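Student: Have a peek at final19.cif (mmCIF, C-alpha atoms and all ligand atoms).
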data_entry
#
loop_
_atom_site.label_atom_id
_atom_site.label_comp_id
_atom_site.auth_asym_id
_atom_site.auth_seq_id
_atom_site.Cartn_x
_atom_site.Cartn_y
_atom_site.Cartn_z
CA MET A 1 -15.68 6.17 -18.45
CA GLY A 2 -12.94 3.64 -19.35
CA VAL A 3 -9.40 4.99 -19.11
CA LEU A 4 -7.38 1.80 -19.44
CA THR A 5 -6.68 0.11 -22.75
CA ALA A 6 -7.74 -3.50 -23.31
CA GLU A 7 -4.04 -4.37 -23.18
CA GLN A 8 -3.59 -2.77 -19.74
CA VAL A 9 -6.64 -4.61 -18.40
CA ALA A 10 -5.40 -7.92 -19.86
CA ARG A 11 -1.95 -7.39 -18.34
CA PHE A 12 -3.49 -6.70 -14.92
CA ARG A 13 -5.57 -9.89 -15.16
CA GLU A 14 -2.50 -11.90 -16.16
CA GLU A 15 0.24 -10.36 -13.98
CA GLY A 16 -1.71 -8.63 -11.20
CA CYS A 17 0.07 -5.28 -11.45
CA ILE A 18 0.33 -2.38 -13.90
CA VAL A 19 1.86 1.10 -13.77
CA LEU A 20 -0.47 3.91 -14.81
CA PRO A 21 1.42 7.07 -15.90
CA ASP A 22 -0.13 10.46 -14.98
CA ALA A 23 -2.45 8.84 -12.43
CA VAL A 24 -2.93 12.08 -10.52
CA THR A 25 -3.10 15.75 -11.46
CA GLU A 26 -0.23 18.22 -11.04
CA PRO A 27 -1.98 20.24 -8.28
CA GLN A 28 -2.82 17.04 -6.35
CA LEU A 29 0.76 15.87 -6.66
CA ALA A 30 2.20 19.21 -5.57
CA ALA A 31 -0.13 19.37 -2.55
CA MET A 32 0.64 15.80 -1.43
CA ARG A 33 4.37 16.37 -1.78
CA ARG A 34 4.11 19.60 0.24
CA CYS A 35 2.29 17.77 3.04
CA PHE A 36 4.94 15.10 3.18
CA GLU A 37 7.80 17.64 3.17
CA ASP A 38 6.16 19.38 6.16
CA TRP A 39 5.81 16.06 8.01
CA VAL A 40 9.48 15.25 7.40
CA GLU A 41 10.45 18.65 8.79
CA ASP A 42 8.28 18.04 11.89
CA SER A 43 9.83 14.58 12.35
CA ARG A 44 13.28 16.12 12.91
CA ALA A 45 12.18 17.10 16.42
CA GLU A 46 11.07 13.53 17.31
CA THR A 47 13.02 10.54 18.54
CA ALA A 48 10.33 7.81 18.50
CA ALA A 49 7.03 7.09 16.72
CA TYR A 50 4.58 9.91 17.49
CA GLY A 51 1.13 11.37 16.82
CA GLU A 52 -2.07 9.40 17.25
CA THR A 53 -4.47 7.58 14.94
CA PHE A 54 -8.13 6.72 15.31
CA ASP A 55 -7.26 3.61 17.35
CA GLY A 56 -4.70 5.26 19.61
CA ARG A 57 -1.53 4.03 17.88
CA PRO A 58 1.27 6.36 16.71
CA ARG A 59 0.52 7.95 13.32
CA PHE A 60 4.11 8.76 12.29
CA ASP A 61 6.59 5.87 12.29
CA LEU A 62 10.37 6.37 12.31
CA GLU A 63 13.02 3.97 11.02
CA PRO A 64 15.66 3.07 13.65
CA GLY A 65 18.59 5.44 13.10
CA HIS A 66 16.28 8.43 12.52
CA SER A 67 17.83 11.75 13.58
CA ALA A 68 17.24 15.47 13.14
CA GLU A 69 20.09 15.60 10.63
CA ARG A 70 19.04 12.49 8.72
CA PRO A 71 15.27 12.05 9.11
CA ALA A 72 13.87 8.59 8.41
CA LEU A 73 10.10 9.04 8.56
CA ARG A 74 8.97 5.75 6.99
CA ARG A 75 5.20 5.65 7.49
CA VAL A 76 2.31 8.08 7.94
CA ALA A 77 -0.91 6.25 8.80
CA SER A 78 -4.23 7.44 7.30
CA PRO A 79 -3.09 10.64 5.56
CA THR A 80 -6.69 11.08 4.31
CA GLU A 81 -7.47 12.23 7.85
CA LEU A 82 -4.75 14.89 7.75
CA ASP A 83 -5.36 16.64 4.44
CA ASP A 84 -8.30 16.52 2.02
CA VAL A 85 -6.01 16.22 -1.01
CA PHE A 86 -5.38 12.53 -0.28
CA LEU A 87 -9.04 11.51 -0.39
CA GLU A 88 -9.65 13.83 -3.32
CA THR A 89 -6.83 12.16 -5.26
CA ILE A 90 -8.32 8.70 -4.98
CA GLN A 91 -11.89 9.84 -5.65
CA ARG A 92 -11.13 11.56 -8.94
CA ALA A 93 -10.21 10.54 -12.48
CA PRO A 94 -8.02 9.18 -13.82
CA LEU A 95 -7.08 7.03 -10.81
CA ILE A 96 -10.55 5.98 -9.68
CA GLU A 97 -11.71 5.35 -13.26
CA ALA A 98 -8.73 3.08 -13.86
CA VAL A 99 -9.57 1.12 -10.71
CA ALA A 100 -13.20 0.88 -11.86
CA ASP A 101 -11.96 -0.59 -15.16
CA LEU A 102 -10.22 -3.33 -13.16
CA MET A 103 -12.57 -3.99 -10.22
CA GLY A 104 -15.99 -2.84 -11.46
CA PRO A 105 -17.77 0.47 -10.89
CA ASP A 106 -18.78 0.16 -7.21
CA LEU A 107 -15.74 0.85 -5.05
CA ARG A 108 -15.18 1.33 -1.35
CA PHE A 109 -12.24 2.81 0.59
CA HIS A 110 -10.44 0.51 3.02
CA HIS A 111 -7.32 2.34 4.28
CA SER A 112 -4.40 4.56 3.28
CA LYS A 113 -0.85 5.30 4.31
CA ILE A 114 2.38 6.87 3.13
CA ASN A 115 5.48 4.70 2.89
CA SER A 116 8.73 6.56 2.46
CA LYS A 117 12.32 5.52 2.01
CA LEU A 118 14.36 8.62 2.61
CA PRO A 119 17.97 8.60 1.38
CA GLY A 120 20.23 6.79 3.80
CA SER A 121 17.39 5.00 5.63
CA ALA A 122 17.41 1.22 5.70
CA THR A 123 13.66 0.68 5.22
CA THR A 124 12.83 -2.54 3.37
CA VAL A 125 9.56 -4.40 2.86
CA LYS A 126 9.62 -8.19 3.11
CA TRP A 127 7.60 -10.40 0.77
CA HIS A 128 3.90 -10.51 1.61
CA GLN A 129 0.42 -10.31 0.10
CA ASP A 130 -1.86 -7.49 1.24
CA PHE A 131 -4.91 -9.77 1.21
CA THR A 132 -3.59 -11.83 4.13
CA PHE A 133 -3.41 -8.60 6.18
CA ASP A 134 -6.81 -7.38 4.91
CA PRO A 135 -9.01 -10.39 4.01
CA HIS A 136 -12.35 -9.55 2.39
CA SER A 137 -15.29 -11.77 1.44
CA ASN A 138 -14.00 -11.75 -2.15
CA ASP A 139 -10.62 -10.79 -3.56
CA ASP A 140 -11.58 -7.82 -5.72
CA VAL A 141 -9.30 -5.72 -3.56
CA ILE A 142 -6.63 -3.43 -5.00
CA THR A 143 -3.68 -1.50 -3.64
CA CYS A 144 -2.89 1.77 -5.46
CA LEU A 145 0.63 3.05 -4.89
CA VAL A 146 0.96 6.65 -6.08
CA PHE A 147 4.54 7.75 -6.81
CA LEU A 148 5.17 11.01 -4.93
CA ASP A 149 8.77 10.76 -6.17
CA GLU A 150 10.20 9.27 -9.31
CA VAL A 151 10.69 5.54 -8.64
CA THR A 152 13.90 4.14 -10.06
CA LEU A 153 15.73 0.82 -9.89
CA GLU A 154 18.04 2.37 -7.27
CA ASN A 155 15.61 3.93 -4.79
CA GLY A 156 13.80 0.78 -3.61
CA PRO A 157 10.99 0.17 -6.15
CA LEU A 158 8.05 -2.13 -5.54
CA ARG A 159 8.82 -5.66 -6.76
CA THR A 160 6.07 -8.14 -7.52
CA LEU A 161 5.84 -11.77 -8.55
CA PRO A 162 3.72 -11.64 -11.73
CA GLY A 163 0.74 -13.98 -11.68
CA SER A 164 0.98 -14.69 -7.95
CA HIS A 165 -2.56 -13.28 -7.41
CA LYS A 166 -3.81 -16.48 -9.07
CA GLY A 167 -1.79 -18.71 -6.75
CA PRO A 168 -1.92 -19.63 -3.06
CA LEU A 169 -2.36 -17.37 -0.06
CA TYR A 170 0.92 -17.66 1.85
CA SER A 171 1.09 -17.79 5.62
CA LEU A 172 2.39 -14.79 7.56
CA TRP A 173 2.66 -16.89 10.73
CA HIS A 174 5.88 -18.69 11.66
CA ASP A 175 6.60 -20.66 14.84
CA GLY A 176 3.38 -19.37 16.37
CA ARG A 177 4.19 -15.71 15.67
CA PHE A 178 2.64 -13.32 13.17
CA THR A 179 5.68 -11.97 11.30
CA GLY A 180 3.88 -10.11 8.51
CA ALA A 181 6.23 -11.77 6.03
CA ILE A 182 6.16 -14.88 3.84
CA ASP A 183 8.50 -17.71 4.87
CA GLU A 184 12.05 -16.84 3.73
CA GLU A 185 12.60 -20.00 1.72
CA ILE A 186 9.40 -19.44 -0.24
CA ALA A 187 10.25 -15.75 -0.65
CA ASP A 188 13.71 -16.65 -2.01
CA SER A 189 12.03 -18.72 -4.70
CA PHE A 190 10.20 -15.54 -5.88
CA GLU A 191 13.41 -13.59 -6.51
CA ARG A 192 14.22 -15.05 -9.94
CA ASP A 193 10.92 -14.00 -11.55
CA ALA A 194 10.32 -10.79 -9.59
CA VAL A 195 9.61 -7.64 -11.60
CA CYS A 196 10.47 -4.05 -10.52
CA HIS A 197 7.89 -1.33 -11.05
CA THR A 198 9.52 2.01 -11.79
CA GLY A 199 8.03 5.19 -13.19
CA PRO A 200 7.84 8.97 -13.14
CA VAL A 201 6.50 11.05 -10.29
CA GLY A 202 2.68 11.11 -10.52
CA ALA A 203 2.39 7.56 -11.86
CA ALA A 204 0.70 4.81 -9.82
CA CYS A 205 1.08 1.08 -9.50
CA LEU A 206 -2.27 -0.68 -9.45
CA MET A 207 -1.70 -3.99 -7.70
CA HIS A 208 -4.13 -6.85 -6.99
CA ALA A 209 -4.19 -7.45 -3.24
CA ARG A 210 -3.20 -11.11 -3.65
CA VAL A 211 0.02 -10.32 -5.54
CA ALA A 212 3.17 -11.25 -3.60
CA HIS A 213 5.41 -8.20 -3.33
CA ALA A 214 8.41 -6.71 -1.53
CA SER A 215 10.88 -3.88 -1.86
CA THR A 216 14.54 -3.37 -1.02
CA ALA A 217 16.32 -0.44 0.61
CA ASN A 218 16.85 2.91 -1.08
CA LEU A 219 20.45 2.86 -2.29
CA SER A 220 20.28 6.26 -3.96
CA ALA A 221 20.49 9.88 -2.86
CA GLU A 222 16.85 10.46 -3.90
CA PRO A 223 13.76 9.79 -1.75
CA ARG A 224 11.13 7.20 -2.68
CA THR A 225 7.78 8.14 -1.22
CA LEU A 226 4.47 6.46 -2.03
CA PHE A 227 0.90 7.40 -1.14
CA ILE A 228 -0.82 4.01 -0.82
CA ALA A 229 -4.59 3.54 -0.87
CA VAL A 230 -6.35 0.21 -0.57
CA MET A 231 -9.86 -0.05 -1.98
CA ALA A 232 -12.22 -2.89 -2.77
CA ALA A 233 -15.28 -3.77 -4.78
CA ALA A 234 -18.18 -2.47 -2.70
CA ASP A 235 -19.58 -6.00 -2.31
CA ALA A 236 -16.31 -7.23 -0.76
CA ILE A 237 -16.81 -7.06 3.00
CA PRO A 238 -13.75 -6.85 5.32
CA LEU A 239 -13.37 -10.03 7.38
CA SER A 240 -10.93 -8.80 10.01
CA PRO A 241 -10.19 -5.53 11.83
CA ASN A 242 -8.61 -2.84 9.65
CA PRO A 243 -4.81 -2.75 10.24
CA VAL A 244 -4.84 1.02 9.51
CA PRO A 245 -8.21 2.16 10.88
CA SER A 246 -9.59 5.41 9.52
CA ARG A 247 -12.74 7.40 9.85
CA HIS A 248 -13.00 7.08 6.05
CA ALA A 249 -13.03 3.25 6.08
CA GLY A 250 -16.07 1.96 4.21
CA LEU A 251 -16.64 5.21 2.29
CA LEU A 252 -18.15 4.63 -1.16
CA LEU A 253 -15.61 6.14 -3.59
CA HIS A 254 -17.33 5.40 -6.90
CA GLY A 255 -20.56 3.90 -8.23
CA GLN A 256 -23.43 2.80 -6.05
CA GLU A 257 -24.09 0.87 -2.86
CA PRO A 258 -24.61 -2.67 -4.14
CA GLY A 259 -26.75 -3.76 -1.18
CA ARG A 260 -25.15 -7.17 -1.59
CA ILE A 261 -22.28 -9.22 -0.19
CA ARG A 262 -20.32 -11.38 -2.63
CA SER A 263 -18.14 -14.14 -1.29
CA THR A 264 -15.65 -16.53 -2.82
CA ALA A 265 -14.08 -19.56 -1.15
CA PHE A 266 -10.64 -19.36 0.48
CA GLU A 267 -9.01 -20.31 3.72
CA MET A 268 -6.26 -18.52 5.65
CA GLU A 269 -5.01 -17.79 9.15
CA THR A 270 -6.31 -14.78 11.05
CA PRO A 271 -4.01 -11.75 10.68
CA GLU A 272 -2.72 -9.86 13.71
CA ILE A 273 -3.19 -6.10 14.03
CA PRO A 274 0.16 -4.38 14.70
CA GLU A 275 0.50 -3.07 18.26
CA GLY A 276 3.15 -0.58 17.18
CA ALA A 277 3.04 2.19 14.62
CA SER A 278 3.01 -0.03 11.52
CA PHE A 279 3.66 -3.41 9.95
CA PHE A 280 7.31 -2.40 9.63
CA VAL A 281 7.54 -3.11 13.34
CA GLN A 282 5.96 -6.57 12.86
CA GLN A 283 8.27 -7.39 9.96
CA ALA A 284 11.36 -6.11 11.79
CA GLU A 285 10.65 -8.43 14.70
CA SER A 286 10.55 -11.48 12.43
O1 LIG B 1 6.58 0.58 0.29
C1 LIG B 1 6.68 -0.42 -0.44
O2 LIG B 1 7.64 -0.59 -1.19
C2 LIG B 1 5.65 -1.52 -0.45
C3 LIG B 1 4.48 -1.21 0.40
C4 LIG B 1 3.77 -2.38 0.96
O3 LIG B 1 3.95 -3.48 0.54
C5 LIG B 1 2.83 -2.21 2.06
O4 LIG B 1 2.85 -1.16 2.74
O5 LIG B 1 2.01 -3.15 2.26
#
Mind converting the file's structure to structure tokens?

Tutor:
Amino acid sequence: MGVLTAEQVARFREEGCIVLPDAVTEPQLAAMRRCFEDWVEDSRAETAAYGETFDGRPRFDLEPGHSAERPALRRVASPTELDDVFLETIQRAPLIEAVADLMGPDLRFHHSKINSKLPGSATTVKWHQDFTFDPHSNDDVITCLVFLDEVTLENGPLRTLPGSHKGPLYSLWHDGRFTGAIDEEIADSFERDAVCHTGPVGAACLMHARVAHASTANLSAEPRTLFIAVMAAADAIPLSPNPVPSRHAGLLLHGQEPGRIRSTAFEMETPEIPEGASFFVQQAES
């Protein structure tokens, strides 16, 4: 069942990122937003990253400056383990059918998370490519960023460098340290051609995992919360430990088990798994 137009598919091939309006249903959206509101309320009682994931790291990550009055919950790791609506959302049309139009019918789950920029928090994302955090045997890997809030130019939208999925894999290592961010001078050269991806609540950005991307702080009074799911062609085999391990990793989301491994040639440095709650901690240390 194709849901994307030929033009949308061509744009994805050329630029590496498209916004799909109405990517999720109203009930899914309402349920995901309710979950996140509850987690923000819970976070008011906390002063440091808390909860526990599959691999023993904190599940809920707080931006420095977080307080009960001004909560700054910036990351929830593996929400698919907390409420069924998250897995259901990425297994159902139209989202999964759109991904199948771009990556082929056989699709496997890799990991998920929520990234939020609550009003007044300073959360930013430095330039990086997801593929250098999550290398697979081939690069048919896609990051789906579902807008749980309207995303505007003011509330810290995703910014990508169109076409960068066809270019080099940039190092995330500098002076012997894994910083989780592309070298600043290279990143500065992306700024001129960077494109912001905005859209209504319920839309989703479908982004090739090799696309260079970043996002700035939320300068508005409105939140910007994304449910992010990374999935891959089922014949793309992960080559390094999952940075956001989940009991759902490897789950077939669509199509059939291919019973094959497909590999393409590339070379890159080994990524480092964050020791803290999220890659925000790695990037902040850089
Ligand atoms: O939250 C964002 O703006 C970007 C998310 C992202 O790049 C990531 O979590 O890898």

Student: Would you write out, as JSON lines, a table of all residues in chain A that have an atom no more than 6 Å from an atom of ligand LIG 1 (chain B), listing for each the closest atom pair and the distance in Å to one decimal, considering only C-alpha atoms and all ligand atoms and ordering rows by chain and rising residue number?

Tutor:
{"residue": "A:Asn115", "atom": "CA", "partner": "B:LIG1", "partner_atom": "O1", "distance": 5.0}
{"residue": "A:Val125", "atom": "CA", "partner": "B:LIG1", "partner_atom": "C2", "distance": 5.9}
{"residue": "A:Asp130", "atom": "CA", "partner": "B:LIG1", "partner_atom": "O5", "distance": 5.9}
{"residue": "A:Leu158", "atom": "CA", "partner": "B:LIG1", "partner_atom": "O2", "distance": 4.6}
{"residue": "A:Ala214", "atom": "CA", "partner": "B:LIG1", "partner_atom": "O3", "distance": 5.9}
{"residue": "A:Ser215", "atom": "CA", "partner": "B:LIG1", "partner_atom": "O2", "distance": 4.7}

Student: Generate a file of the selected residues that holds C-alpha atoms, formatted as a compact mmCIF listing (two decimals), in the coordinates of the input.

Tutor:
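Full text of result10.txt as output:
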# COMPACT_ATOMS: atom_id res chain seq x y z
CA ASN A 115 5.48 4.70 2.89
CA VAL A 125 9.56 -4.40 2.86
CA ASP A 130 -1.86 -7.49 1.24
CA LEU A 158 8.05 -2.13 -5.54
CA ALA A 214 8.41 -6.71 -1.53
CA SER A 215 10.88 -3.88 -1.86

Student: Please provide the set of residues having any atom within 12 Å of Pro274 in chain A, restricted to only C-alpha atoms, with same-chain residues fewer than 5 positions apart removed, written as a list in words.

Tutor: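 So the residues in contact are Asp55, Gly56, Arg57, Pro58, Phe133, Phe178, Thr179, Gly180, Pro241, Asn242, Pro243, Val244, Pro245, Phe279, Phe280, Val281, Gln282, Gln283, Ala284 and Glu285 of chain A.
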
Student: Quick one: distance from CA of Ile273 in chain A to CA of Ser240 in chain A in Å, one decimal?

Tutor: 9.1 Å

Student: Which neighbours of range 64-77 of chain A fall inside 9 Å, counting all atoms listed in the file, when residues of the same chain fewer than 3 positions from it are skipped, and could you give them as a CSV table (one decimal) with C-alpha atoms, in the frame of the given file?

Tutor:
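New file part16.csv:
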chain,number,residue,atom,x,y,z
A,36,PHE,CA,4.9,15.1,3.2
A,39,TRP,CA,5.8,16.1,8.0
A,40,VAL,CA,9.5,15.2,7.4
A,41,GLU,CA,10.4,18.6,8.8
A,43,SER,CA,9.8,14.6,12.4
A,44,ARG,CA,13.3,16.1,12.9
A,45,ALA,CA,12.2,17.1,16.4
A,46,GLU,CA,11.1,13.5,17.3
A,47,THR,CA,13.0,10.5,18.5
A,48,ALA,CA,10.3,7.8,18.5
A,49,ALA,CA,7.0,7.1,16.7
A,53,THR,CA,-4.5,7.6,14.9
A,58,PRO,CA,1.3,6.4,16.7
A,59,ARG,CA,0.5,8.0,13.3
A,60,PHE,CA,4.1,8.8,12.3
A,61,ASP,CA,6.6,5.9,12.3
A,80,THR,CA,-6.7,11.1,4.3
A,81,GLU,CA,-7.5,12.2,7.8
A,111,HIS,CA,-7.3,2.3,4.3
A,112,SER,CA,-4.4,4.6,3.3
A,113,LYS,CA,-0.8,5.3,4.3
A,114,ILE,CA,2.4,6.9,3.1
A,115,ASN,CA,5.5,4.7,2.9
A,116,SER,CA,8.7,6.6,2.5
A,117,LYS,CA,12.3,5.5,2.0
A,118,LEU,CA,14.4,8.6,2.6
A,119,PRO,CA,18.0,8.6,1.4
A,120,GLY,CA,20.2,6.8,3.8
A,121,SER,CA,17.4,5.0,5.6
A,122,ALA,CA,17.4,1.2,5.7
A,123,THR,CA,13.7,0.7,5.2
A,225,THR,CA,7.8,8.1,-1.2
A,244,VAL,CA,-4.8,1.0,9.5
A,245,PRO,CA,-8.2,2.2,10.9
A,246,SER,CA,-9.6,5.4,9.5
A,277,ALA,CA,3.0,2.2,14.6
A,278,SER,CA,3.0,0.0,11.5
A,280,PHE,CA,7.3,-2.4,9.6

Student: Which neighbours of Leu145 in chain A fall inside 8 Å, counting all atoms listed in the file, when residues of the same chain fewer than 6 positions from it are skipped, and could you give them as a ChimeraX atom specification?

Tutor: /A:204-207,226-229

Student: Missing atoms in range 116-141 of chain A need filling: write out N, CA, C and O atoms for it as a PDB file, keeping the file's coordinate frame.

Tutor:
ATOM      1  N   SER A 116       7.618   5.812   3.032  1.00  0.00           N
ATOM      2  CA  SER A 116       8.730   6.560   2.460  1.00  0.00           C
ATOM      3  C   SER A 116      10.053   5.874   2.756  1.00  0.00           C
ATOM      4  O   SER A 116      10.224   5.259   3.821  1.00  0.00           O
ATOM      5  N   LYS A 117      10.940   5.976   1.792  1.00  0.00           N
ATOM      6  CA  LYS A 117      12.320   5.520   2.010  1.00  0.00           C
ATOM      7  C   LYS A 117      13.185   6.731   1.721  1.00  0.00           C
ATOM      8  O   LYS A 117      13.481   7.050   0.562  1.00  0.00           O
ATOM      9  N   LEU A 118      13.540   7.428   2.795  1.00  0.00           N
ATOM     10  CA  LEU A 118      14.360   8.620   2.610  1.00  0.00           C
ATOM     11  C   LEU A 118      15.812   8.191   2.391  1.00  0.00           C
ATOM     12  O   LEU A 118      16.218   7.114   2.862  1.00  0.00           O
ATOM     13  N   PRO A 119      16.593   9.002   1.665  1.00  0.00           N
ATOM     14  CA  PRO A 119      17.970   8.600   1.380  1.00  0.00           C
ATOM     15  C   PRO A 119      18.718   8.276   2.667  1.00  0.00           C
ATOM     16  O   PRO A 119      18.582   8.987   3.658  1.00  0.00           O
ATOM     17  N   GLY A 120      19.430   7.172   2.633  1.00  0.00           N
ATOM     18  CA  GLY A 120      20.230   6.790   3.800  1.00  0.00           C
ATOM     19  C   GLY A 120      19.470   5.959   4.815  1.00  0.00           C
ATOM     20  O   GLY A 120      20.056   5.420   5.748  1.00  0.00           O
ATOM     21  N   SER A 121      18.131   5.826   4.671  1.00  0.00           N
ATOM     22  CA  SER A 121      17.390   5.000   5.630  1.00  0.00           C
ATOM     23  C   SER A 121      17.398   3.554   5.126  1.00  0.00           C
ATOM     24  O   SER A 121      17.541   3.301   3.938  1.00  0.00           O
ATOM     25  N   ALA A 122      17.228   2.632   6.069  1.00  0.00           N
ATOM     26  CA  ALA A 122      17.410   1.220   5.700  1.00  0.00           C
ATOM     27  C   ALA A 122      16.070   0.517   5.447  1.00  0.00           C
ATOM     28  O   ALA A 122      16.036  -0.712   5.371  1.00  0.00           O
ATOM     29  N   THR A 123      14.999   1.285   5.312  1.00  0.00           N
ATOM     30  CA  THR A 123      13.660   0.680   5.220  1.00  0.00           C
ATOM     31  C   THR A 123      13.551  -0.316   4.062  1.00  0.00           C
ATOM     32  O   THR A 123      13.829   0.018   2.907  1.00  0.00           O
ATOM     33  N   THR A 124      13.125  -1.535   4.398  1.00  0.00           N
ATOM     34  CA  THR A 124      12.830  -2.540   3.370  1.00  0.00           C
ATOM     35  C   THR A 124      11.443  -3.103   3.662  1.00  0.00           C
ATOM     36  O   THR A 124      10.926  -2.969   4.778  1.00  0.00           O
ATOM     37  N   VAL A 125      10.847  -3.735   2.669  1.00  0.00           N
ATOM     38  CA  VAL A 125       9.560  -4.400   2.860  1.00  0.00           C
ATOM     39  C   VAL A 125       9.765  -5.858   2.471  1.00  0.00           C
ATOM     40  O   VAL A 125      10.198  -6.147   1.353  1.00  0.00           O
ATOM     41  N   LYS A 126       9.444  -6.762   3.407  1.00  0.00           N
ATOM     42  CA  LYS A 126       9.620  -8.190   3.110  1.00  0.00           C
ATOM     43  C   LYS A 126       8.429  -8.704   2.304  1.00  0.00           C
ATOM     44  O   LYS A 126       7.345  -8.111   2.331  1.00  0.00           O
ATOM     45  N   TRP A 127       8.638  -9.838   1.635  1.00  0.00           N
ATOM     46  CA  TRP A 127       7.600 -10.400   0.770  1.00  0.00           C
ATOM     47  C   TRP A 127       6.324 -10.693   1.566  1.00  0.00           C
ATOM     48  O   TRP A 127       6.365 -11.320   2.619  1.00  0.00           O
ATOM     49  N   HIS A 128       5.212 -10.241   1.015  1.00  0.00           N
ATOM     50  CA  HIS A 128       3.900 -10.510   1.610  1.00  0.00           C
ATOM     51  C   HIS A 128       2.820 -10.277   0.574  1.00  0.00           C
ATOM     52  O   HIS A 128       3.098  -9.768  -0.529  1.00  0.00           O
ATOM     53  N   GLN A 129       1.593 -10.658   0.907  1.00  0.00           N
ATOM     54  CA  GLN A 129       0.420 -10.310   0.100  1.00  0.00           C
ATOM     55  C   GLN A 129      -0.470  -9.437   0.977  1.00  0.00           C
ATOM     56  O   GLN A 129      -0.662  -9.735   2.162  1.00  0.00           O
ATOM     57  N   ASP A 130      -1.026  -8.376   0.423  1.00  0.00           N
ATOM     58  CA  ASP A 130      -1.860  -7.490   1.240  1.00  0.00           C
ATOM     59  C   ASP A 130      -3.136  -8.204   1.707  1.00  0.00           C
ATOM     60  O   ASP A 130      -3.660  -7.908   2.784  1.00  0.00           O
ATOM     61  N   PHE A 131      -3.631  -9.132   0.886  1.00  0.00           N
ATOM     62  CA  PHE A 131      -4.910  -9.770   1.210  1.00  0.00           C
ATOM     63  C   PHE A 131      -4.852 -10.559   2.528  1.00  0.00           C
ATOM     64  O   PHE A 131      -5.863 -10.667   3.227  1.00  0.00           O
ATOM     65  N   THR A 132      -3.679 -11.074   2.883  1.00  0.00           N
ATOM     66  CA  THR A 132      -3.590 -11.830   4.130  1.00  0.00           C
ATOM     67  C   THR A 132      -3.455 -10.902   5.356  1.00  0.00           C
ATOM     68  O   THR A 132      -3.533 -11.355   6.492  1.00  0.00           O
ATOM     69  N   PHE A 133      -3.272  -9.595   5.103  1.00  0.00           N
ATOM     70  CA  PHE A 133      -3.410  -8.600   6.180  1.00  0.00           C
ATOM     71  C   PHE A 133      -4.855  -8.085   6.232  1.00  0.00           C
ATOM     72  O   PHE A 133      -5.331  -7.715   7.293  1.00  0.00           O
ATOM     73  N   ASP A 134      -5.487  -8.027   5.046  1.00  0.00           N
ATOM     74  CA  ASP A 134      -6.810  -7.380   4.910  1.00  0.00           C
ATOM     75  C   ASP A 134      -7.807  -8.306   4.216  1.00  0.00           C
ATOM     76  O   ASP A 134      -8.311  -7.957   3.135  1.00  0.00           O
ATOM     77  N   PRO A 135      -8.098  -9.494   4.740  1.00  0.00           N
ATOM     78  CA  PRO A 135      -9.010 -10.390   4.010  1.00  0.00           C
ATOM     79  C   PRO A 135     -10.405  -9.784   3.854  1.00  0.00           C
ATOM     80  O   PRO A 135     -10.898  -9.108   4.758  1.00  0.00           O
ATOM     81  N   HIS A 136     -10.988 -10.005   2.694  1.00  0.00           N
ATOM     82  CA  HIS A 136     -12.350  -9.550   2.390  1.00  0.00           C
ATOM     83  C   HIS A 136     -13.133 -10.775   1.917  1.00  0.00           C
ATOM     84  O   HIS A 136     -12.561 -11.805   1.587  1.00  0.00           O
ATOM     85  N   SER A 137     -14.457 -10.611   1.822  1.00  0.00           N
ATOM     86  CA  SER A 137     -15.290 -11.770   1.440  1.00  0.00           C
ATOM     87  C   SER A 137     -15.026 -12.220   0.005  1.00  0.00           C
ATOM     88  O   SER A 137     -15.286 -13.362  -0.341  1.00  0.00           O
ATOM     89  N   ASN A 138     -14.518 -11.333  -0.843  1.00  0.00           N
ATOM     90  CA  ASN A 138     -14.000 -11.750  -2.150  1.00  0.00           C
ATOM     91  C   ASN A 138     -12.723 -10.966  -2.406  1.00  0.00           C
ATOM     92  O   ASN A 138     -12.412 -10.015  -1.673  1.00  0.00           O
ATOM     93  N   ASP A 139     -11.956 -11.394  -3.428  1.00  0.00           N
ATOM     94  CA  ASP A 139     -10.620 -10.790  -3.560  1.00  0.00           C
ATOM     95  C   ASP A 139     -10.545  -9.685  -4.607  1.00  0.00           C
ATOM     96  O   ASP A 139      -9.466  -9.408  -5.133  1.00  0.00           O
ATOM     97  N   ASP A 140     -11.646  -9.016  -4.871  1.00  0.00           N
ATOM     98  CA  ASP A 140     -11.580  -7.820  -5.720  1.00  0.00           C
ATOM     99  C   ASP A 140     -11.137  -6.642  -4.853  1.00  0.00           C
ATOM    100  O   ASP A 140     -11.918  -5.721  -4.527  1.00  0.00           O
ATOM    101  N   VAL A 141      -9.899  -6.716  -4.452  1.00  0.00           N
ATOM    102  CA  VAL A 141      -9.300  -5.720  -3.560  1.00  0.00           C
ATOM    103  C   VAL A 141      -8.010  -5.258  -4.246  1.00  0.00           C
ATOM    104  O   VAL A 141      -7.277  -6.081  -4.804  1.00  0.00           O
TER     105      VAL A 141
END
